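Read the structure below first, then the notes.
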Amino acid sequence: MSQTKSQKRKMSLEKKHNLTGWAFLTPATLMIAVMSFWPMVQAFILSFQTGTANKLKFDGFSNYTRMFKDSVFMQSLGNTFLYLIIQVPIMLILALILASMLNNKNLRCKGLFRTAIFLPCATSLVSYAIIFRSLFGVDGFINSVLIKLGILHTGYNFLGHATSAKIIIIIALVWRWTGYNMVFYLSGLQNIEYSVYEAAKIDGASPMQTFFKITVPLLKPTILLTAVMSTNGTLQLFDESLNLTRGGPSNATITMSHYIYNQSFKYVPKFGYASAMSFLIFILVAILAFIQMKVGDKRD
Amino acid sequence: MKRKFLCALLCAAMTATMLTGCGEKKDDDASQDETNQEASNESNESSESNATEGESSGGGSELTVWCWDPAFNIYAMETAGEIYQKDNPDFKVNVIETPWDDVQSKLTTAATSGSYDTLPDIILMQDNAFQKNVISYPEAFVELTDDIDYSNFGKAKTAYSVIDGKNYGVPFDNGAVIACYRTDILEEAGFKLEDFTDITWSDYLEKGKKVLEKTGKPLLSCQAGESDVIMMMLQSCGASLFNEEGKPSMVGNDALKKVMETYAELVKAGVLVEVNDWDQYISTLTTETVAGTINGCWIMASIQTAEDQSGKWGITNMPKLEGVDNATNYSNNGGSSWAITSNCKNVDLAKDFLSKTFAGSVELYETILPKSGALATYLPAGDSDVYAEPSKFYGGDAVFSKITEFAGKIPSNNTGVYYYEARDAVATAMQNIVGGSKVDDELKEAQNTIEFNMEQ
């Protein structure tokens, strides 16, 4: 008798707990659904409409076929993938090296170095892009130094040439985001038992061997996470293209998002087309993330 | 990062659909809107009658305005408000400082979503964007054809805000092109300001080479990737990137071809130096890196920031193209016009205000000129004594009446709806041509880009 009673009470208690949980979850879920998912659905519908400004009409997949005929968009796609292929590996490898160096127990002023490397991440995207632009200006700091050192005669217009402008965007991205990824690696390294390293040391492993045989395999989930995030971020690159190079010279550095912005706010507004291009980015991110998961995650 | 933008786009998309259902009831909830609450009080209905003059205005005599430069157009708007206040003591202008890019995106968002009640009563619009915005969102603006006396404005200037023969704007500041030279540097090379007046671009190139040789200073600097100089050259012979029907006309456009060739020659000779951004451009002027510049007359405000160069600058007209029909020494770059939005609840008051100040008060332009250098496109103001006063900074020349005179001679051109697309395409072509590509090929490519953009 008493047993069933207590069981009943227990169940209602469990129910109560569940209900409380749902009560806490509902506002956030609703907000996300209304503010995030609903607009996504709307944008998806919008992407099947063509026309300028308010004069939109449904036109099937024409926006999606249109973008493959758009030479500027194809160029922006190429630029974005170039950044992705070159910048992301450099950045992640650099972050990994820095993280394992900073994880050294005997290192002094660890906090100082960590802060210094993480600090770029705390600067505003727009202001750092503008600072890079003035650094690499014709009469900017880099040119002054190169002229003083006798390497150059007159200032080189870094942002005026396609290749150098791309390189500068990549340098800027590495500077801005390496620290951010390093923090993930550092926190990942905290989870690796120090005794594993000690054992390796006793067995006579060189630092290189410890790095490749212990650090990298044990950090794999974190590496996967940062790779997916960086891919996502790079495909959506906007501020650097807009503020650092303004997409120039002759669209050599323009990114997909920058072009989407131009199509919706600078030019005659074509929101249907802009939404379609945004969805292409979404699809690309999804595909790349899926591939990375398949390649990187061997848990099952 | 980009996610921010995507959010904005998605939000816009969301508001768009949410409001299409209830777009009709904007009259009721306009009063909730903060930016223009006062303007919409009881006088909503009475605005049709002529009850706006002074006495009956009550709470409805305030106008909200968006414009962007505190030293220039905001100052001008506030002064205009003070002048109008003399006859209408209840009148008030409420200026909200809004940078142009924000004006454009707020306008796009409001008009796309159909929620005009976020707009102010009056906005200042870049002339280059006027056609695009009115044609894209005709229901967002109020026609002014019969309310303003347009005979008092330069024709080229008024043309920016005329769509299908109807006027939508009150012309404001002047973008008449001036060529500014450092007279002391010219002298070093053995030239006078007169040697650069009424010249052609090939004279300019020749003399520029000599100046470069003797002083090491180029004559001109401009922003790479921006097509200001190209557009100025093009308009100086009345040519456009679009023909009468609004179709792109870059291929077979002799004037444009000549412009591209001239520009490339200037860069090659080192007479024109390209910099990457606006700040660098201004610093080439203020730090004596170049011996002159060519731009809309609003550039004077920036030149004058270098006070130590007072008396060393001279102003004259720009060079003209050779071998092109209708070529002149006059052109236009930039400038803006006032427009009344359809959200204005007191349209008569707004019209009356604009017609009695910006389109009817010499006193206004006399007041704002010395402090802000805001040159009028209102032609009667050019006769004012203030305009004839010599300027110490420009070697004692009466520069303002000179520029007003230039303004009357500017050939009109056709910006078209796709102006910004065309500008970017031409700038891309120009950078490739400077890099060594063929002019004809690049113009064809540019035309293809525009045609592609116009397909939809």
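Chain identifiers are assigned as A, B, and so on, following the order in which chains appear in the structure tokens; residues are numbered from 1 within each chain, and ligands are numbered from 1 in order of appearance.
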| message | Among segment 169-346 of chain B, which ones does DSSP assign to helix (DSSP H, G or I) (computed from the backbone)? Answer as a count of residues only. | response | 67
| message | Please check the contacts: residues of chain A at most 6 Å away from chain B, using only C-alpha atoms, listed as a list of chain:residue names. | response | A:Pro39, A:Gly51, A:Ala53, A:Asn54, A:Gln236, A:Leu237, A:Phe238, A:Ser250, A:Tyr267
| task | Taking the chain letters and numbering used in this document, name the residues of segment 18-234 of chain A that DSSP puts in strand (DSSP E), as a ChimeraX atom specification. | result | /A:49-50,57-58
Quick one: write out the picked residues with C-alpha atoms as a PDB file, in the first residue's frame?
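What ended up in part.pdb:
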ATOM      1  CA  GLN A  49      11.256  34.313 -56.090  1.00  0.00           C
ATOM      2  CA  THR A  50      12.783  36.614 -58.662  1.00  0.00           C
ATOM      3  CA  LYS A  57       7.199  36.518 -58.265  1.00  0.00           C
ATOM      4  CA  PHE A  58       7.778  32.767 -57.963  1.00  0.00           C
TER       5      PHE A  58
END
| request: Using only C-alpha atoms, find the one residue out of A:Trp22, A:Phe211, A:Tyr180, A:Tyr128 that sits nearest to Thr115 of chain A. | output: A:Tyr180
| field | Surrounding residues of segment 105-109 of chain A excluding itself and chain neighbours under 5 positions, 12 Å, only C-alpha atoms, as a PyMOL selection string | value | chain A and resi 100+114-116+189-190+194+197-198
File dump, residues just selected, N, CA and C atoms, as a tab-separated table (two decimals), in the first residue's frame:
chain	number	residue	atom	x	y	z
A	100	SER	N	50.46	23.56	-27.87
A	100	SER	CA	51.28	22.56	-27.18
A	100	SER	C	52.52	23.21	-26.58
A	114	ARG	N	49.41	33.57	-23.25
A	114	ARG	CA	48.06	33.18	-23.65
A	114	ARG	C	47.22	34.40	-23.97
A	115	THR	N	47.27	35.37	-23.08
A	115	THR	CA	46.48	36.58	-23.30
A	115	THR	C	46.92	37.26	-24.58
A	116	ALA	N	48.23	37.36	-24.77
A	116	ALA	CA	48.74	38.07	-25.94
A	116	ALA	C	48.26	37.42	-27.23
A	189	LEU	N	43.82	20.12	-24.24
A	189	LEU	CA	45.05	19.56	-23.67
A	189	LEU	C	44.94	19.36	-22.16
A	190	GLN	N	44.11	20.18	-21.51
A	190	GLN	CA	43.92	20.02	-20.06
A	190	GLN	C	43.37	18.62	-19.75
A	194	TYR	N	48.70	14.19	-17.61
A	194	TYR	CA	50.12	14.51	-17.75
A	194	TYR	C	50.97	13.24	-17.65
A	197	TYR	N	52.25	11.81	-20.81
A	197	TYR	CA	53.48	12.44	-21.33
A	197	TYR	C	54.70	11.94	-20.58
A	198	GLU	N	54.53	11.84	-19.25
A	198	GLU	CA	55.66	11.37	-18.41
A	198	GLU	C	56.10	9.98	-18.83
| said: I'd like the contact shell of Gly311 of chain B - 12 Å cut-off, only C-alpha atoms, skipping same-chain residues fewer than 6 positions apart - returned as a VMD selection string. | reply: chain B and resid 181 to 184 303 to 304 390 to 397
| request: Excluding Leu112 of chain A and residues on its chain fewer than 6 positions from it, collect all residues at most 12 Å away from it, counting only C-alpha atoms, and give them as a PyMOL selection string. | output: chain A and resi 102+118-119
Residue selection dump (N, CA and C atoms) as a PDB file, in the first residue's frame:
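The resulting file, result.pdb, is shown below:
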ATOM      1  N   LEU A 102      52.477  26.264 -25.241  1.00  0.00           N
ATOM      2  CA  LEU A 102      52.001  26.946 -24.042  1.00  0.00           C
ATOM      3  C   LEU A 102      51.552  25.967 -22.966  1.00  0.00           C
ATOM      4  N   PHE A 118      45.629  35.434 -27.525  1.00  0.00           N
ATOM      5  CA  PHE A 118      44.170  35.442 -27.640  1.00  0.00           C
ATOM      6  C   PHE A 118      43.624  36.844 -27.922  1.00  0.00           C
ATOM      7  N   LEU A 119      44.392  37.855 -27.578  1.00  0.00           N
ATOM      8  CA  LEU A 119      43.907  39.236 -27.632  1.00  0.00           C
ATOM      9  C   LEU A 119      43.358  39.669 -29.004  1.00  0.00           C
TER      10      LEU A 119
END
| field | Shell of 12 Å around Ile167 of chain A, only C-alpha atoms, local chain residues under 5 positions omitted, as a PyMOL selection string | value | chain A and resi 79+82-83+86-87+136+158-162+172-174+244-245+252-253
With N, CA and C atoms kept, could you save the residues just selected as a PDB file, in the first residue's frame?
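Here's the written file result06.pdb:
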ATOM      1  N   ASN A  79      37.323  32.761 -54.757  1.00  0.00           N
ATOM      2  CA  ASN A  79      38.112  33.460 -53.741  1.00  0.00           C
ATOM      3  C   ASN A  79      37.898  32.844 -52.367  1.00  0.00           C
ATOM      4  N   LEU A  82      39.593  29.598 -51.995  1.00  0.00           N
ATOM      5  CA  LEU A  82      41.037  29.777 -51.877  1.00  0.00           C
ATOM      6  C   LEU A  82      41.413  30.111 -50.440  1.00  0.00           C
ATOM      7  N   TYR A  83      40.646  31.055 -49.832  1.00  0.00           N
ATOM      8  CA  TYR A  83      40.909  31.388 -48.425  1.00  0.00           C
ATOM      9  C   TYR A  83      40.779  30.146 -47.563  1.00  0.00           C
ATOM     10  N   ILE A  86      43.750  27.543 -48.137  1.00  0.00           N
ATOM     11  CA  ILE A  86      45.070  27.971 -47.671  1.00  0.00           C
ATOM     12  C   ILE A  86      45.052  28.399 -46.210  1.00  0.00           C
ATOM     13  N   GLN A  87      44.048  29.207 -45.857  1.00  0.00           N
ATOM     14  CA  GLN A  87      44.103  29.820 -44.533  1.00  0.00           C
ATOM     15  C   GLN A  87      43.778  28.849 -43.395  1.00  0.00           C
ATOM     16  N   PHE A 136      49.175  48.168 -44.515  1.00  0.00           N
ATOM     17  CA  PHE A 136      49.682  47.759 -45.826  1.00  0.00           C
ATOM     18  C   PHE A 136      49.442  48.809 -46.906  1.00  0.00           C
ATOM     19  N   PHE A 158      50.333  46.959 -51.896  1.00  0.00           N
ATOM     20  CA  PHE A 158      49.949  45.583 -51.563  1.00  0.00           C
ATOM     21  C   PHE A 158      48.497  45.286 -51.912  1.00  0.00           C
ATOM     22  N   LEU A 159      47.617  46.250 -51.586  1.00  0.00           N
ATOM     23  CA  LEU A 159      46.199  45.984 -51.785  1.00  0.00           C
ATOM     24  C   LEU A 159      45.767  46.261 -53.218  1.00  0.00           C
ATOM     25  N   GLY A 160      46.679  46.751 -54.038  1.00  0.00           N
ATOM     26  CA  GLY A 160      46.342  47.062 -55.418  1.00  0.00           C
ATOM     27  C   GLY A 160      46.649  45.922 -56.377  1.00  0.00           C
ATOM     28  N   HIS A 161      47.242  44.847 -55.887  1.00  0.00           N
ATOM     29  CA  HIS A 161      47.553  43.709 -56.747  1.00  0.00           C
ATOM     30  C   HIS A 161      46.829  42.473 -56.245  1.00  0.00           C
ATOM     31  N   ALA A 162      46.293  41.712 -57.185  1.00  0.00           N
ATOM     32  CA  ALA A 162      45.409  40.604 -56.824  1.00  0.00           C
ATOM     33  C   ALA A 162      46.060  39.633 -55.847  1.00  0.00           C
ATOM     34  N   ALA A 172      45.744  38.475 -42.356  1.00  0.00           N
ATOM     35  CA  ALA A 172      44.855  39.119 -41.395  1.00  0.00           C
ATOM     36  C   ALA A 172      44.000  38.074 -40.682  1.00  0.00           C
ATOM     37  N   LEU A 173      43.481  37.121 -41.452  1.00  0.00           N
ATOM     38  CA  LEU A 173      42.630  36.086 -40.862  1.00  0.00           C
ATOM     39  C   LEU A 173      43.403  35.228 -39.871  1.00  0.00           C
ATOM     40  N   VAL A 174      44.642  34.877 -40.252  1.00  0.00           N
ATOM     41  CA  VAL A 174      45.459  34.063 -39.358  1.00  0.00           C
ATOM     42  C   VAL A 174      45.712  34.822 -38.063  1.00  0.00           C
ATOM     43  N   LEU A 244      38.699  45.580 -45.541  1.00  0.00           N
ATOM     44  CA  LEU A 244      40.141  45.582 -45.772  1.00  0.00           C
ATOM     45  C   LEU A 244      40.459  45.884 -47.242  1.00  0.00           C
ATOM     46  N   THR A 245      39.805  45.203 -48.147  1.00  0.00           N
ATOM     47  CA  THR A 245      40.154  45.380 -49.562  1.00  0.00           C
ATOM     48  C   THR A 245      39.001  45.923 -50.388  1.00  0.00           C
ATOM     49  N   ALA A 252      39.088  40.742 -57.062  1.00  0.00           N
ATOM     50  CA  ALA A 252      40.019  39.646 -56.825  1.00  0.00           C
ATOM     51  C   ALA A 252      39.909  39.111 -55.410  1.00  0.00           C
ATOM     52  N   THR A 253      39.363  39.869 -54.479  1.00  0.00           N
ATOM     53  CA  THR A 253      39.290  39.385 -53.096  1.00  0.00           C
ATOM     54  C   THR A 253      37.866  39.338 -52.565  1.00  0.00           C
TER      55      THR A 253
END
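For Asn414 of chain B, the set of protein, DNA and RNA residues having any atom at most 7 Å away, when counting only C-alpha atoms and skipping those fewer than 2 positions along the same chain, is Ser240, Phe242 and Gly416 of chain B.
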Output file for the selection above: N, CA and C atoms, as a PDB file, in the first residue's frame:
ATOM      1  N   SER B 240      26.859  59.013 -70.765  1.00  0.00           N
ATOM      2  CA  SER B 240      26.473  58.174 -69.622  1.00  0.00           C
ATOM      3  C   SER B 240      26.832  56.731 -69.928  1.00  0.00           C
ATOM      4  N   PHE B 242      24.509  54.557 -69.664  1.00  0.00           N
ATOM      5  CA  PHE B 242      23.244  54.012 -70.143  1.00  0.00           C
ATOM      6  C   PHE B 242      22.694  54.919 -71.241  1.00  0.00           C
ATOM      7  N   GLY B 416      20.500  56.430 -64.352  1.00  0.00           N
ATOM      8  CA  GLY B 416      19.819  55.151 -64.500  1.00  0.00           C
ATOM      9  C   GLY B 416      19.635  54.451 -63.162  1.00  0.00           C
TER      10      GLY B 416
END
